[in-house]
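Visitor: Here you go, this is input-v4.pdb (PDB, C-alpha atoms).
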```pdb
ATOM      1  CA  MET A   1      93.940  85.042 191.608
ATOM      2  CA  LYS A   2      94.057  81.866 189.546
ATOM      3  CA  GLU A   3      96.204  81.773 186.428
ATOM      4  CA  ARG A   4      95.856  80.173 183.017
ATOM      5  CA  ILE A   5      98.292  79.535 180.172
ATOM      6  CA  LEU A   6      98.015  81.995 177.294
ATOM      7  CA  GLY A   7      97.919  79.840 174.199
ATOM      8  CA  ASN A   8     101.241  78.710 172.781
ATOM      9  CA  THR A   9     103.163  81.518 174.489
ATOM     10  CA  GLY A  10     103.673  79.254 177.492
ATOM     11  CA  LYS A  11     103.057  82.287 179.706
ATOM     12  CA  SER A  12     100.883  81.981 182.789
ATOM     13  CA  VAL A  13      98.595  84.992 183.264
ATOM     14  CA  SER A  14      95.850  85.943 185.694
ATOM     15  CA  GLU A  15      92.492  84.618 184.532
ATOM     16  CA  ILE A  16      91.039  88.098 185.028
ATOM     17  CA  GLY A  17      93.005  90.856 183.320
ATOM     18  CA  LEU A  18      92.514  94.554 182.781
ATOM     19  CA  GLY A  19      91.187  96.158 179.620
ATOM     20  CA  THR A  20      92.385  99.745 179.220
ATOM     21  CA  TRP A  21      90.167 101.278 176.546
ATOM     22  CA  GLN A  22      88.775 103.585 179.249
ATOM     23  CA  LEU A  23      91.912 103.682 181.417
ATOM     24  CA  GLY A  24      91.755 106.833 183.544
ATOM     25  CA  THR A  25      88.550 108.074 181.919
ATOM     26  CA  ARG A  26      84.903 107.256 181.599
ATOM     27  CA  TRP A  27      84.015 107.003 177.934
ATOM     28  CA  GLY A  28      83.739 110.518 176.563
ATOM     29  CA  GLU A  29      85.493 112.266 179.437
ATOM     30  CA  ASP A  30      89.007 113.696 179.479
ATOM     31  CA  PHE A  31      91.948 111.493 180.441
ATOM     32  CA  ASN A  32      92.895 111.480 184.143
ATOM     33  CA  HIS A  33      96.531 110.440 184.555
ATOM     34  CA  GLU A  34      96.360 110.141 188.337
ATOM     35  CA  GLU A  35      93.326 107.852 188.203
ATOM     36  CA  ALA A  36      94.963 105.787 185.465
ATOM     37  CA  MET A  37      97.994 105.160 187.675
ATOM     38  CA  LYS A  38      95.686 104.218 190.571
ATOM     39  CA  ILE A  39      93.898 101.725 188.328
ATOM     40  CA  LEU A  40      97.177 100.049 187.380
ATOM     41  CA  GLU A  41      98.363  99.970 190.984
ATOM     42  CA  THR A  42      95.069  98.465 192.137
ATOM     43  CA  ALA A  43      95.261  95.870 189.371
ATOM     44  CA  ARG A  44      98.709  94.785 190.538
ATOM     45  CA  GLU A  45      97.588  94.688 194.178
ATOM     46  CA  GLN A  46      94.599  92.538 193.214
ATOM     47  CA  GLY A  47      96.799  89.966 191.504
ATOM     48  CA  ILE A  48      96.130  90.959 187.903
ATOM     49  CA  THR A  49      99.132  90.202 185.698
ATOM     50  CA  PHE A  50      97.578  90.710 182.220
ATOM     51  CA  VAL A  51      96.884  94.145 180.731
ATOM     52  CA  ASP A  52      95.347  94.779 177.325
ATOM     53  CA  THR A  53      95.791  98.081 175.511
ATOM     54  CA  ALA A  54      96.015  99.548 171.998
ATOM     55  CA  ASP A  55      97.897 102.337 170.289
ATOM     56  CA  VAL A  56      94.638 104.262 169.746
ATOM     57  CA  TYR A  57      93.314 104.101 173.304
ATOM     58  CA  ASN A  58      93.149 107.631 174.698
ATOM     59  CA  GLY A  59      95.271 108.798 171.774
ATOM     60  CA  GLY A  60      98.246 106.727 172.925
ATOM     61  CA  LYS A  61      97.999 107.771 176.577
ATOM     62  CA  SER A  62      96.935 104.278 177.617
ATOM     63  CA  GLU A  63     100.200 102.787 176.330
ATOM     64  CA  GLU A  64     102.232 105.698 177.690
ATOM     65  CA  THR A  65     100.761 105.377 181.172
ATOM     66  CA  ILE A  66     101.330 101.624 181.273
ATOM     67  CA  GLY A  67     104.907 102.225 180.146
ATOM     68  CA  GLU A  68     105.401 104.831 182.852
ATOM     69  CA  TYR A  69     103.968 102.577 185.558
ATOM     70  CA  MET A  70     106.144  99.658 184.510
ATOM     71  CA  GLN A  71     109.289 101.737 184.868
ATOM     72  CA  THR A  72     108.887 101.249 188.615
ATOM     73  CA  CYS A  73     107.292  97.767 188.408
ATOM     74  CA  PRO A  74     108.915  96.250 185.310
ATOM     75  CA  ASP A  75     107.582  92.728 185.854
ATOM     76  CA  ALA A  76     104.084  93.708 186.949
ATOM     77  CA  PHE A  77     102.201  92.876 183.763
ATOM     78  CA  PHE A  78     102.178  90.831 180.602
ATOM     79  CA  VAL A  79     101.131  93.580 178.179
ATOM     80  CA  THR A  80      99.132  92.963 175.036
ATOM     81  CA  THR A  81      98.724  95.857 172.622
ATOM     82  CA  LYS A  82      96.940  96.201 169.317
ATOM     83  CA  MET A  83      97.629  98.037 166.070
ATOM     84  CA  GLY A  84      96.079  99.059 162.787
ATOM     85  CA  ARG A  85      93.173 101.285 163.740
ATOM     86  CA  LYS A  86      95.226 104.420 163.116
ATOM     87  CA  LEU A  87      95.135 103.753 159.391
ATOM     88  CA  SER A  88      93.039 106.270 157.488
ATOM     89  CA  PRO A  89      91.190 105.263 155.492
ATOM     90  CA  HIS A  90      90.874 101.959 157.354
ATOM     91  CA  THR A  91      90.913  99.765 154.255
ATOM     92  CA  PRO A  92      92.727  96.517 153.365
ATOM     93  CA  GLU A  93      95.066  98.389 151.010
ATOM     94  CA  MET A  94      96.402 100.508 153.867
ATOM     95  CA  TYR A  95      97.664  97.410 155.654
ATOM     96  CA  THR A  96     101.276  97.008 154.558
ATOM     97  CA  PRO A  97     104.342  95.465 156.225
ATOM     98  CA  GLU A  98     105.853  98.943 156.433
ATOM     99  CA  ALA A  99     102.828 100.280 158.307
ATOM    100  CA  MET A 100     102.886  97.339 160.726
ATOM    101  CA  GLU A 101     106.568  97.930 161.485
ATOM    102  CA  GLN A 102     105.888 101.599 162.210
ATOM    103  CA  PHE A 103     103.042 100.705 164.544
ATOM    104  CA  VAL A 104     105.231  98.279 166.478
ATOM    105  CA  GLU A 105     107.990 100.857 166.793
ATOM    106  CA  GLY A 106     105.465 103.398 168.082
ATOM    107  CA  SER A 107     104.113 101.010 170.708
ATOM    108  CA  LEU A 108     107.626 100.090 171.819
ATOM    109  CA  ARG A 109     108.397 103.763 172.295
ATOM    110  CA  ARG A 110     105.232 104.562 174.243
ATOM    111  CA  LEU A 111     105.463 101.455 176.395
ATOM    112  CA  LYS A 112     109.206 102.000 176.938
ATOM    113  CA  ARG A 113     109.896  98.360 176.130
ATOM    114  CA  GLU A 114     112.581  96.563 174.148
ATOM    115  CA  TYR A 115     109.985  94.088 172.890
ATOM    116  CA  LEU A 116     106.216  93.623 172.932
ATOM    117  CA  ASP A 117     104.890  90.640 174.874
ATOM    118  CA  LEU A 118     101.993  90.198 172.463
ATOM    119  CA  THR A 119     100.681  92.377 169.656
ATOM    120  CA  LEU A 120      97.389  91.903 167.825
ATOM    121  CA  LEU A 121      95.984  93.188 164.571
ATOM    122  CA  HIS A 122      93.194  95.466 165.813
ATOM    123  CA  CYS A 123      90.006  94.327 164.054
ATOM    124  CA  PRO A 124      91.221  94.968 160.495
ATOM    125  CA  PRO A 125      88.960  94.615 157.447
ATOM    126  CA  THR A 126      88.076  90.973 156.840
ATOM    127  CA  PRO A 127      90.415  90.385 153.834
ATOM    128  CA  VAL A 128      93.473  91.211 155.971
ATOM    129  CA  TYR A 129      93.029  87.998 157.948
ATOM    130  CA  GLN A 130      94.156  86.118 154.834
ATOM    131  CA  ARG A 131      97.140  88.306 153.922
ATOM    132  CA  ASP A 132     100.376  86.309 153.767
ATOM    133  CA  ASP A 133     102.471  89.485 153.650
ATOM    134  CA  ILE A 134     101.018  90.872 156.883
ATOM    135  CA  PHE A 135     101.358  87.678 158.888
ATOM    136  CA  GLY A 136     104.776  87.117 157.325
ATOM    137  CA  CYS A 137     105.796  90.553 158.576
ATOM    138  CA  MET A 138     104.616  89.672 162.082
ATOM    139  CA  GLU A 139     106.610  86.455 161.990
ATOM    140  CA  ARG A 140     109.711  88.337 160.862
ATOM    141  CA  MET A 141     109.381  90.882 163.680
ATOM    142  CA  LYS A 142     109.074  87.961 166.080
ATOM    143  CA  ARG A 143     112.338  86.501 164.761
ATOM    144  CA  GLU A 144     113.962  89.912 165.132
ATOM    145  CA  GLY A 145     112.919  90.074 168.780
ATOM    146  CA  LYS A 146     110.639  93.112 168.478
ATOM    147  CA  ILE A 147     107.618  91.039 169.456
ATOM    148  CA  ARG A 148     107.441  87.815 171.438
ATOM    149  CA  ALA A 149     104.085  86.699 170.069
ATOM    150  CA  TYR A 150     101.341  87.928 167.760
ATOM    151  CA  GLY A 151      97.700  87.349 167.019
ATOM    152  CA  VAL A 152      94.448  89.033 166.063
ATOM    153  CA  SER A 153      91.512  90.873 167.534
ATOM    154  CA  VAL A 154      88.341  90.087 165.612
ATOM    155  CA  GLU A 155      84.754  91.161 165.190
ATOM    156  CA  LYS A 156      83.525  87.931 163.613
ATOM    157  CA  VAL A 157      84.040  84.266 164.392
ATOM    158  CA  GLU A 158      84.852  83.516 160.758
ATOM    159  CA  GLU A 159      87.705  86.056 160.841
ATOM    160  CA  ALA A 160      89.198  84.197 163.777
ATOM    161  CA  MET A 161      88.894  80.884 161.954
ATOM    162  CA  GLN A 162      90.726  82.361 158.962
ATOM    163  CA  ALA A 163      93.504  83.796 161.123
ATOM    164  CA  MET A 164      94.190  80.412 162.691
ATOM    165  CA  GLU A 165      95.597  79.289 159.361
ATOM    166  CA  TYR A 166      98.683  81.246 160.461
ATOM    167  CA  ASP A 167     100.977  80.651 163.432
ATOM    168  CA  ILE A 168      99.187  83.007 165.788
ATOM    169  CA  SER A 169      99.329  82.791 169.583
ATOM    170  CA  ALA A 170      96.075  84.447 170.619
ATOM    171  CA  ILE A 171      92.679  85.685 169.478
ATOM    172  CA  GLU A 172      90.819  88.509 171.175
ATOM    173  CA  VAL A 173      87.078  88.213 170.673
ATOM    174  CA  ILE A 174      83.850  89.542 172.173
ATOM    175  CA  PHE A 175      82.542  86.718 174.337
ATOM    176  CA  ASN A 176      79.879  87.177 176.978
ATOM    177  CA  MET A 177      76.367  86.092 177.997
ATOM    178  CA  PHE A 178      75.010  88.091 175.044
ATOM    179  CA  ARG A 179      77.549  86.640 172.558
ATOM    180  CA  LEU A 180      77.460  82.844 172.597
ATOM    181  CA  LYS A 181      78.497  82.087 169.018
ATOM    182  CA  PRO A 182      82.249  81.640 169.801
ATOM    183  CA  ARG A 183      81.359  78.517 171.807
ATOM    184  CA  GLU A 184      80.284  76.621 168.699
ATOM    185  CA  LYS A 185      83.425  76.491 166.542
ATOM    186  CA  LEU A 186      85.966  79.012 167.723
ATOM    187  CA  LEU A 187      86.677  77.866 171.270
ATOM    188  CA  PRO A 188      87.111  74.177 170.344
ATOM    189  CA  ALA A 189      89.286  75.028 167.323
ATOM    190  CA  ALA A 190      91.471  77.386 169.332
ATOM    191  CA  ALA A 191      91.984  74.760 172.037
ATOM    192  CA  GLU A 192      92.959  72.190 169.408
ATOM    193  CA  LYS A 193      95.504  74.543 167.833
ATOM    194  CA  GLY A 194      96.869  75.855 171.121
ATOM    195  CA  VAL A 195      95.673  79.408 170.477
ATOM    196  CA  GLY A 196      94.799  81.525 173.506
ATOM    197  CA  ILE A 197      91.420  83.222 173.806
ATOM    198  CA  ILE A 198      91.255  86.736 175.249
ATOM    199  CA  ALA A 199      87.603  87.452 176.040
ATOM    200  CA  ARG A 200      86.804  91.124 175.688
ATOM    201  CA  VAL A 201      83.661  93.176 176.394
ATOM    202  CA  PRO A 202      82.514  90.695 179.070
ATOM    203  CA  LEU A 203      80.001  93.194 180.473
ATOM    204  CA  ALA A 204      78.513  94.185 177.083
ATOM    205  CA  SER A 205      79.421  97.875 177.533
ATOM    206  CA  GLY A 206      77.654  97.912 180.888
ATOM    207  CA  LEU A 207      74.436  96.094 179.991
ATOM    208  CA  LEU A 208      75.618  93.019 181.895
ATOM    209  CA  THR A 209      76.294  94.968 185.061
ATOM    210  CA  GLY A 210      72.551  95.178 185.586
ATOM    211  CA  ARG A 211      72.876  98.857 186.476
ATOM    212  CA  LEU A 212      71.754 100.482 183.225
ATOM    213  CA  THR A 213      68.156 101.558 182.738
ATOM    214  CA  ARG A 214      65.988 103.235 180.124
ATOM    215  CA  ASP A 215      66.748 106.521 181.867
ATOM    216  CA  THR A 216      70.544 106.161 181.820
ATOM    217  CA  ILE A 217      72.175 109.110 180.056
ATOM    218  CA  PHE A 218      75.564 108.651 178.418
ATOM    219  CA  HIS A 219      78.130 111.330 177.629
ATOM    220  CA  PRO A 220      77.765 112.728 174.078
ATOM    221  CA  ARG A 221      81.288 111.434 173.271
ATOM    222  CA  ASP A 222      80.558 108.018 174.769
ATOM    223  CA  HIS A 223      80.369 105.363 172.035
ATOM    224  CA  ARG A 224      77.204 104.097 173.730
ATOM    225  CA  THR A 225      75.604 107.339 172.551
ATOM    226  CA  PHE A 226      76.898 107.638 169.001
ATOM    227  CA  ASN A 227      77.847 104.134 167.825
ATOM    228  CA  ARG A 228      74.753 102.042 168.471
ATOM    229  CA  GLU A 229      74.245 101.644 164.724
ATOM    230  CA  GLY A 230      77.946 101.497 163.857
ATOM    231  CA  ALA A 231      78.434 105.143 162.897
ATOM    232  CA  SER A 232      82.133 105.136 163.853
ATOM    233  CA  PHE A 233      83.167 101.462 164.082
ATOM    234  CA  ASP A 234      81.586  98.023 164.171
ATOM    235  CA  LYS A 235      78.355  98.311 166.143
ATOM    236  CA  GLY A 236      79.151  94.986 167.775
ATOM    237  CA  GLU A 237      81.635  96.837 169.996
ATOM    238  CA  THR A 238      78.757  98.806 171.548
ATOM    239  CA  PHE A 239      76.489  96.760 173.843
ATOM    240  CA  SER A 240      77.853  93.715 171.968
ATOM    241  CA  GLY A 241      75.587  94.701 169.094
ATOM    242  CA  VAL A 242      72.428  94.136 171.135
ATOM    243  CA  PRO A 243      69.714  96.794 170.669
ATOM    244  CA  TYR A 244      69.637  98.729 173.925
ATOM    245  CA  GLU A 245      66.015  98.109 174.936
ATOM    246  CA  LEU A 246      66.343  94.409 174.119
ATOM    247  CA  GLY A 247      69.539  94.230 176.153
ATOM    248  CA  LEU A 248      67.799  95.751 179.150
ATOM    249  CA  GLN A 249      65.069  93.124 178.857
ATOM    250  CA  ALA A 250      67.624  90.304 178.659
ATOM    251  CA  ALA A 251      69.507  91.690 181.655
ATOM    252  CA  GLU A 252      66.303  91.758 183.712
ATOM    253  CA  GLU A 253      65.683  88.120 182.909
ATOM    254  CA  LEU A 254      69.228  87.233 183.931
ATOM    255  CA  LYS A 255      68.676  89.010 187.246
ATOM    256  CA  THR A 256      65.763  86.651 187.823
ATOM    257  CA  VAL A 257      67.895  83.645 186.895
ATOM    258  CA  PHE A 258      70.584  84.543 189.411
ATOM    259  CA  GLY A 259      68.385  86.208 192.013
ATOM    260  CA  THR A 260      70.457  89.386 192.170
ATOM    261  CA  GLU A 261      70.593  92.914 190.803
ATOM    262  CA  ASP A 262      74.400  92.807 190.511
ATOM    263  CA  LEU A 263      75.195  90.850 187.352
ATOM    264  CA  ALA A 264      78.772  92.041 186.779
ATOM    265  CA  PRO A 265      80.716  89.419 188.770
ATOM    266  CA  LEU A 266      78.417  86.666 187.493
ATOM    267  CA  ALA A 267      78.912  87.790 183.888
ATOM    268  CA  ILE A 268      82.683  87.584 184.329
ATOM    269  CA  ARG A 269      82.388  84.234 186.134
ATOM    270  CA  TRP A 270      80.293  82.931 183.229
ATOM    271  CA  VAL A 271      83.155  83.649 180.824
ATOM    272  CA  LEU A 272      85.603  81.845 183.121
ATOM    273  CA  MET A 273      83.404  78.746 183.053
ATOM    274  CA  HIS A 274      84.894  78.078 179.608
ATOM    275  CA  PRO A 275      88.335  76.463 180.024
ATOM    276  CA  GLN A 276      89.388  77.500 176.509
ATOM    277  CA  VAL A 277      89.431  81.131 177.659
ATOM    278  CA  SER A 278      92.911  82.199 178.746
ATOM    279  CA  VAL A 279      91.915  85.544 180.241
ATOM    280  CA  VAL A 280      88.882  87.824 180.433
ATOM    281  CA  ILE A 281      89.551  91.577 180.301
ATOM    282  CA  PRO A 282      86.870  93.781 181.873
ATOM    283  CA  GLY A 283      87.735  97.462 181.708
ATOM    284  CA  ALA A 284      87.788 100.017 184.486
ATOM    285  CA  SER A 285      87.473 103.780 184.480
ATOM    286  CA  ARG A 286      87.995 103.989 188.246
ATOM    287  CA  ALA A 287      90.290 102.041 190.576
ATOM    288  CA  ARG A 288      87.416 100.719 192.678
ATOM    289  CA  GLN A 289      85.987  98.979 189.617
ATOM    290  CA  VAL A 290      89.102  96.823 189.344
ATOM    291  CA  ALA A 291      88.484  95.361 192.789
ATOM    292  CA  GLU A 292      84.813  94.863 191.914
ATOM    293  CA  ASN A 293      85.724  92.940 188.771
ATOM    294  CA  VAL A 294      88.174  90.703 190.604
ATOM    295  CA  ARG A 295      85.358  89.528 192.896
ATOM    296  CA  ALA A 296      84.306  87.212 190.084
ATOM    297  CA  ALA A 297      87.364  85.030 190.709
ATOM    298  CA  GLU A 298      86.080  84.296 194.217
ATOM    299  CA  LEU A 299      82.651  83.082 193.134
ATOM    300  CA  PRO A 300      81.873  79.359 193.019
ATOM    301  CA  PRO A 301      81.349  77.794 189.582
ATOM    302  CA  LEU A 302      77.956  78.440 188.040
ATOM    303  CA  THR A 303      75.605  75.475 188.120
ATOM    304  CA  ASP A 304      74.438  73.565 185.061
ATOM    305  CA  ARG A 305      70.986  75.041 185.639
ATOM    306  CA  GLU A 306      72.375  78.576 185.597
ATOM    307  CA  MET A 307      74.473  77.946 182.493
ATOM    308  CA  ASP A 308      71.459  76.451 180.694
ATOM    309  CA  ALA A 309      69.289  79.377 181.764
ATOM    310  CA  VAL A 310      71.749  81.872 180.257
ATOM    311  CA  THR A 311      71.652  79.932 176.994
ATOM    312  CA  ALA A 312      67.862  79.894 177.074
ATOM    313  CA  VAL A 313      67.684  83.697 177.464
ATOM    314  CA  TYR A 314      70.107  84.100 174.567
ATOM    315  CA  ASP A 315      68.243  81.667 172.324
ATOM    316  CA  ARG A 316      64.870  83.266 172.968
ATOM    317  CA  LEU A 317      65.785  86.959 172.842
ATOM    318  CA  LEU A 318      69.154  87.488 171.180
ATOM    319  CA  ARG A 319      70.163  84.646 168.876
ATOM    320  CA  GLY A 320      68.182  85.909 165.913
ATOM    321  CA  VAL A 321      69.772  89.364 166.193
ATOM    322  CA  ILE A 322      73.348  88.444 167.115
ATOM    323  CA  HIS A 323      74.194  85.052 165.624
ATOM    324  CA  PRO A 324      73.903  85.956 161.914
ATOM    325  CA  GLN A 325      76.064  89.083 162.231
ATOM    326  CA  TRP A 326      79.126  88.060 164.231
TER     327      TRP A 326
END
```
Could you write out this file's structure as structure tokens?

Guide:
Amino acid sequence: MKERILGNTGKSVSEIGLGTWQLGTRWGEDFNHEEAMKILETAREQGITFVDTADVYNGGKSEETIGEYMQTCPDAFFVTTKMGRKLSPHTPEMYTPEAMEQFVEGSLRRLKREYLDLTLLHCPPTPVYQRDDIFGCMERMKREGKIRAYGVSVEKVEEAMQAMEYDISAIEVIFNMFRLKPREKLLPAAAEKGVGIIARVPLASGLLTGRLTRDTIFHPRDHRTFNREGASFDKGETFSGVPYELGLQAAEELKTVFGTEDLAPLAIRWVLMHPQVSVVIPGASRARQVAENVRAAELPPLTDREMDAVTAVYDRLLRGVIHPQW
């Protein structure tokens, strides 16, 4: 597993990490602690050193399980967690320094850590990215040793650009073959400022695996069932905001480009073709999927023809839908 430097943290992390939104569970299903531990063990065995979680994932069980695992392997992972989505209502006014401190204390407790390697604001409302008091609080907690570094997770490129006015270390953003907009301004600006890029949703909620069809049935509690129009959170988190039928069409065209039915490793490899990306974080609901994701690191670089073909599919089918929104 190759490693890359994570922004201005100076830390070297595996270029493929592990996203734990669905740790130990397929979306909508009940949490499986045993499978979650197997996923973490497989990740370590495969050379993954970066794990991304959040205080709301599986109601806190994601953090708790990572904390439990790291009691026996304390140096296994650089752990990034996120905070803020517990606020109800999720409005700018609810974001206060006091709330941020409580969230950090909660994550420290669940992860069983004395400090957090990296903590991110978890896609807050847009005005929060310009709040001096919130970023000042993060800086103070860094001085106090509760966190080693901080940054933001964003929905929109412009939110990331605003956040870089502060001394952040990393930005987590949706970046995949269906979401090309970050290449235009965000990736160059982040590289110039020494801010790490954590690329999330690299498989577009499964569309970029090439395995979904018009007949695929999702669990009723799976966000791919209920959030396609943003009923519960930003619809860009579900299929990267691409309308399902259109996404299937785009995936079929990408299969033709690459001459394969299995797009997943190629989709991850595409993200890694961008040197500004510090780490890409595909998720896994089963241990075997971790090993499948890591295969991308073994692939040769994509050719210029393949990279141009991906752009052409995006420009023709998706740009008009995706570019104006995120």

Visitor: The PyMOL selection byres ((chain A and resi 293) around 9) on the file shown: which residues, as a list in words?

Guide: Ile16, Ala264, Pro265, Ile268, Pro282, Gly283, Ala284, Arg288, Gln289, Val290, Ala291, Glu292, Val294, Arg295, Ala296 and Ala297 of chain A

Visitor: Suppose a student applies the PyMOL selection byres ((chain A and resi 235-252) around 8) to this structure; what residues should they get, written as a VMD selection string?

Guide: chain A and resid 155 174 178 to 179 201 204 to 208 210 212 to 214 223 to 224 227 to 231 233 to 234 253 to 256 313 to 314 317 to 318 321 to 322 326

Visitor: Which neighbours of stretch 120-132 of chain A fall inside 6 Å, counting all atoms listed in the file, when residues of the same chain fewer than 4 positions from it are skipped, and could you give them as a PyMOL selection string?

Guide: chain A and resi 82-84+92+136+150-154+163

Visitor: Using C-alpha atoms, can you export the residues from the last selection as a PDB file, in the coordinates of the input?

Guide:
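Output contents, as saved in selection_28.pdb:
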```pdb
ATOM      1  CA  LYS A  82      96.940  96.201 169.317  1.00  0.00           C
ATOM      2  CA  MET A  83      97.629  98.037 166.070  1.00  0.00           C
ATOM      3  CA  GLY A  84      96.079  99.059 162.787  1.00  0.00           C
ATOM      4  CA  PRO A  92      92.727  96.517 153.365  1.00  0.00           C
ATOM      5  CA  GLY A 136     104.776  87.117 157.325  1.00  0.00           C
ATOM      6  CA  TYR A 150     101.341  87.928 167.760  1.00  0.00           C
ATOM      7  CA  GLY A 151      97.700  87.349 167.019  1.00  0.00           C
ATOM      8  CA  VAL A 152      94.448  89.033 166.063  1.00  0.00           C
ATOM      9  CA  SER A 153      91.512  90.873 167.534  1.00  0.00           C
ATOM     10  CA  VAL A 154      88.341  90.087 165.612  1.00  0.00           C
ATOM     11  CA  ALA A 163      93.504  83.796 161.123  1.00  0.00           C
TER      12      ALA A 163
END
```

Visitor: Between A:Ser285, A:Thr49, A:Gln276, A:Gln162, which is the closest to A:Thr20 once you count only C-alpha atoms?

Guide: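 The answer is A:Ser285, which sits nearest to A:Thr20.
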
Visitor: For A:Tyr115, find every residue with an atom within 12 Å (counting only C-alpha atoms), except residues of its own chain fewer than 3 positions away, and show them as a PyMOL selection string.

Guide: chain A and resi 78-81+104-112+118-119+141-150

Visitor: Which distance in Å separates atom CA of A:Cys137 and atom CA of A:Gln71, to one decimal?

Guide: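 Those two atoms sit 28.8 Å apart.
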
Visitor: Find, counting all atoms listed in the file, the residue in A:Lys61, A:Ser232, A:Gly47, A:Pro275 that gets nearest to A:Leu187.

Guide: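 Of A:Lys61, A:Ser232, A:Gly47, A:Pro275, the one nearest A:Leu187 is A:Pro275, counting all atoms listed in the file.
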
Visitor: Could you tell me which residues the PyMOL selection byres ((chain A and resi 26-36) around 7) returns for this structure, as a list in words?

Guide: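 Going through the file, the PyMOL selection byres ((chain A and resi 26-36) around 7) ends up selecting Gln22, Leu23, Gly24, Thr25, Met37, Lys38, Ile39, Leu40, His219, Pro220, Arg221, Asp222, Ser285, Arg286 and Ala287 of chain A.
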
Visitor: Would you save the residues of that selection, restricted to C-alpha atoms, as a short mmCIF file (atom, residue, chain, number, x, y, z; two decimals), in the coordinates of the input?

Guide:
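Generated file (out_19.cif):
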```
data_model
loop_
_atom_site.label_atom_id
_atom_site.label_comp_id
_atom_site.auth_asym_id
_atom_site.auth_seq_id
_atom_site.Cartn_x
_atom_site.Cartn_y
_atom_site.Cartn_z
CA GLN A 22 88.78 103.58 179.25
CA LEU A 23 91.91 103.68 181.42
CA GLY A 24 91.76 106.83 183.54
CA THR A 25 88.55 108.07 181.92
CA MET A 37 97.99 105.16 187.68
CA LYS A 38 95.69 104.22 190.57
CA ILE A 39 93.90 101.72 188.33
CA LEU A 40 97.18 100.05 187.38
CA HIS A 219 78.13 111.33 177.63
CA PRO A 220 77.76 112.73 174.08
CA ARG A 221 81.29 111.43 173.27
CA ASP A 222 80.56 108.02 174.77
CA SER A 285 87.47 103.78 184.48
CA ARG A 286 88.00 103.99 188.25
CA ALA A 287 90.29 102.04 190.58
#
```

Visitor: Please indicate the distance in Å from atom CA of A:Gly259 to atom CA of A:Arg316, rounded to one decimal place.

Guide: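 Separating atom CA of A:Gly259 from atom CA of A:Arg316 is a distance of 19.6 Å.
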
Visitor: Would you list the residues near (85.3, 86.7, 182.6) (no more than 9 Å away, in the coordinates of the file, using all atoms listed in the file) as a PyMOL selection string?

Guide: chain A and resi 15-17+175-176+199-200+202-203+265-273+277+279-282+293+296-297

Visitor: Would you save the residues of that selection, restricted to C-alpha atoms, as a short mmCIF file (atom, residue, chain, number, x, y, z; two decimals), in the coordinates of the input?

Guide:
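Final output, saved to result_14.cif:
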```cif
data_model
loop_
_atom_site.label_atom_id
_atom_site.label_comp_id
_atom_site.auth_asym_id
_atom_site.auth_seq_id
_atom_site.Cartn_x
_atom_site.Cartn_y
_atom_site.Cartn_z
CA GLU A 15 92.49 84.62 184.53
CA ILE A 16 91.04 88.10 185.03
CA GLY A 17 93.00 90.86 183.32
CA PHE A 175 82.54 86.72 174.34
CA ASN A 176 79.88 87.18 176.98
CA ALA A 199 87.60 87.45 176.04
CA ARG A 200 86.80 91.12 175.69
CA PRO A 202 82.51 90.70 179.07
CA LEU A 203 80.00 93.19 180.47
CA PRO A 265 80.72 89.42 188.77
CA LEU A 266 78.42 86.67 187.49
CA ALA A 267 78.91 87.79 183.89
CA ILE A 268 82.68 87.58 184.33
CA ARG A 269 82.39 84.23 186.13
CA TRP A 270 80.29 82.93 183.23
CA VAL A 271 83.16 83.65 180.82
CA LEU A 272 85.60 81.84 183.12
CA MET A 273 83.40 78.75 183.05
CA VAL A 277 89.43 81.13 177.66
CA VAL A 279 91.92 85.54 180.24
CA VAL A 280 88.88 87.82 180.43
CA ILE A 281 89.55 91.58 180.30
CA PRO A 282 86.87 93.78 181.87
CA ASN A 293 85.72 92.94 188.77
CA ALA A 296 84.31 87.21 190.08
CA ALA A 297 87.36 85.03 190.71
#
```

Visitor: To one decimal place in Å, what is the distance between atom CA of A:Pro182 and atom CA of A:Val157?

Guide: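 So the answer is 6.3 Å.
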
Visitor: Can you list, as a VMD selection string, every protein, DNA or RNA residue that comes within 8 Å of A:Trp21 when you count all atoms listed in the file, leaving out same-chain residues fewer than 6 positions away?

Guide: chain A and resid 53 to 54 57 to 58 62 283

Visitor: Around all the atoms of stretch 82-101 of chain A listed in the file, draw an axis-aligned box and extend it by 3 Å on each of the six sides; I want its centre and edge lengths in Å to one decimal, as JSON.

Guide:
```
{"center_x": 98.7, "center_y": 100.9, "center_z": 160.2, "size_x": 21.7, "size_y": 16.8, "size_z": 24.3}
```
